[in-house]
Amino acid sequence: RPGSLRAMPVYEAAVDFVQQYYHAVATKANTMASFYGEGSGVIFGNLTQPETSLKRLEVADVSDVQVGEMHRRFFYSSIQPPAFSIRHVAALPSLQGSIHVHVTGDMEYGGRERYTFQQSFVLAQSMQGRFYVVSDTCFV
């Protein structure tokens, strides 16, 4: 169901996307490619070690393996998926019907490790009327 946000107001569409996205990261990272489109850009990094942790990916060939593996490496602690607690979602309409979404929250691993994160997305609407991620930037 990723991207089925067609007739919703901007904020409601953003919240629906956020719920779908973080549920997928936590439960089925192998499906993450369905949130992206050809040419999507992804940047993930750790604010305490920006030079060594920055990961960049341009999704030229939207591959479940490539995108899912990047999400697993960045969000998972060893093999354990995170539990997400979303603190705030902000959404603004952007150029040509796209939506800029900013998310802040926490990731928790088995009640032991907890990290705060910030993630920004630019969502664009496809010819079929579905939203997909054009740009994804996340820092922990």
# chains A, B, ... in the order shown; residues from 1 in each chain; ligands from 1
$ residues_around --residues "A:Gln118" --least-positions-apart "3" --cutoff "8 Å" --atoms "only C-alpha atoms" --output "PyMOL selection string"
chain A and resi 102-105+138-140
$ write_last_selection --atoms "all heavy atoms" --output "tab-separated table (two decimals), in the first residue's frame"
chain	number	residue	atom	x	y	z
A	102	HIS	N	9.10	15.99	7.34
A	102	HIS	CA	10.19	15.92	8.31
A	102	HIS	C	9.69	15.15	9.53
A	102	HIS	O	8.62	15.43	10.06
A	102	HIS	CB	10.66	17.31	8.72
A	102	HIS	CG	11.85	17.27	9.62
A	102	HIS	ND1	13.11	17.03	9.15
A	102	HIS	CD2	11.95	17.39	10.95
A	102	HIS	CE1	13.96	17.02	10.17
A	102	HIS	NE2	13.27	17.24	11.27
A	103	VAL	N	10.48	14.16	9.95
A	103	VAL	CA	10.10	13.28	11.05
A	103	VAL	C	11.19	13.30	12.12
A	103	VAL	O	12.38	13.24	11.79
A	103	VAL	CB	9.94	11.81	10.55
A	103	VAL	CG1	9.52	10.89	11.68
A	103	VAL	CG2	8.95	11.74	9.40
A	104	THR	N	10.79	13.40	13.38
A	104	THR	CA	11.74	13.21	14.48
A	104	THR	C	11.17	12.11	15.37
A	104	THR	O	9.94	11.95	15.49
A	104	THR	CB	11.94	14.49	15.32
A	104	THR	OG1	10.68	14.93	15.82
A	104	THR	CG2	12.58	15.58	14.50
A	105	GLY	N	12.06	11.34	15.95
A	105	GLY	CA	11.60	10.26	16.81
A	105	GLY	C	12.75	9.52	17.45
A	105	GLY	O	13.90	9.98	17.42
A	138	CYS	N	18.46	10.87	6.43
A	138	CYS	CA	18.24	10.48	7.84
A	138	CYS	C	19.54	10.58	8.62
A	138	CYS	O	20.59	10.14	8.15
A	138	CYS	CB	17.71	9.05	7.91
A	138	CYS	SG	17.33	8.53	9.59
A	139	PHE	N	19.46	11.17	9.81
A	139	PHE	CA	20.59	11.26	10.71
A	139	PHE	C	20.19	10.75	12.08
A	139	PHE	O	19.09	11.05	12.56
A	139	PHE	CB	21.10	12.69	10.82
A	139	PHE	CG	21.74	13.18	9.57
A	139	PHE	CD1	21.04	13.99	8.68
A	139	PHE	CD2	23.04	12.83	9.25
A	139	PHE	CE1	21.62	14.42	7.52
A	139	PHE	CE2	23.64	13.27	8.08
A	139	PHE	CZ	22.92	14.06	7.22
A	140	VAL	N	21.08	10.00	12.70
A	140	VAL	CA	20.87	9.48	14.05
A	140	VAL	C	21.83	10.18	14.97
A	140	VAL	O	22.95	10.46	14.61
A	140	VAL	CB	21.12	7.95	14.09
A	140	VAL	CG1	21.01	7.43	15.51
A	140	VAL	CG2	20.13	7.24	13.21
$ atom_distance --atom1 "atom CA of A:Met107" --atom2 "atom CA of A:Tyr22"
10.2 Å
$ atom_distance --atom1 "atom CA of A:Gly129" --atom2 "atom CA of A:Ala14"
14.9 Å
$ atom_distance --atom1 "atom CA of A:Phe35" --atom2 "atom CA of A:Tyr21"
7.5 Å
$ closest_residue --among "A:Leu123, A:Glu38, A:Phe131, A:Glu108" --to "A:Phe84" --atoms "only C-alpha atoms"
A:Glu108
$ residues_around --residues "A:Asp106" --least-positions-apart "3" --cutoff "7 Å" --atoms "only C-alpha atoms" --output "mmCIF file with N, CA, C and O atoms, in the first residue's frame"
data_model
loop_
_atom_site.group_PDB
_atom_site.id
_atom_site.type_symbol
_atom_site.label_atom_id
_atom_site.label_comp_id
_atom_site.auth_asym_id
_atom_site.auth_seq_id
_atom_site.Cartn_x
_atom_site.Cartn_y
_atom_site.Cartn_z
ATOM 1 N N PHE A 84 10.073 1.895 16.613
ATOM 2 C CA PHE A 84 10.089 3.339 16.392
ATOM 3 C C PHE A 84 9.041 4.028 17.249
ATOM 4 O O PHE A 84 7.927 3.535 17.399
ATOM 5 N N SER A 85 9.425 5.161 17.794
ATOM 6 C CA SER A 85 8.506 6.038 18.502
ATOM 7 C C SER A 85 8.604 7.392 17.809
ATOM 8 O O SER A 85 9.644 8.063 17.891
ATOM 9 N N ILE A 86 7.560 7.777 17.099
ATOM 10 C CA ILE A 86 7.577 9.025 16.340
ATOM 11 C C ILE A 86 7.150 10.164 17.259
ATOM 12 O O ILE A 86 6.088 10.115 17.878
ATOM 13 N N ARG A 114 18.684 3.185 22.855
ATOM 14 C CA ARG A 114 17.707 4.135 22.338
ATOM 15 C C ARG A 114 18.465 5.256 21.636
ATOM 16 O O ARG A 114 19.409 5.808 22.171
ATOM 17 N N TYR A 115 18.038 5.564 20.421
ATOM 18 C CA TYR A 115 18.666 6.609 19.625
ATOM 19 C C TYR A 115 17.602 7.560 19.090
ATOM 20 O O TYR A 115 16.533 7.127 18.668
ATOM 21 N N THR A 116 17.926 8.846 19.089
ATOM 22 C CA THR A 116 17.050 9.839 18.487
ATOM 23 C C THR A 116 17.428 9.972 17.021
ATOM 24 O O THR A 116 18.607 9.892 16.674
ATOM 25 N N PHE A 117 16.445 10.157 16.167
ATOM 26 C CA PHE A 117 16.728 10.328 14.743
ATOM 27 C C PHE A 117 15.902 11.471 14.169
ATOM 28 O O PHE A 117 14.880 11.867 14.723
#
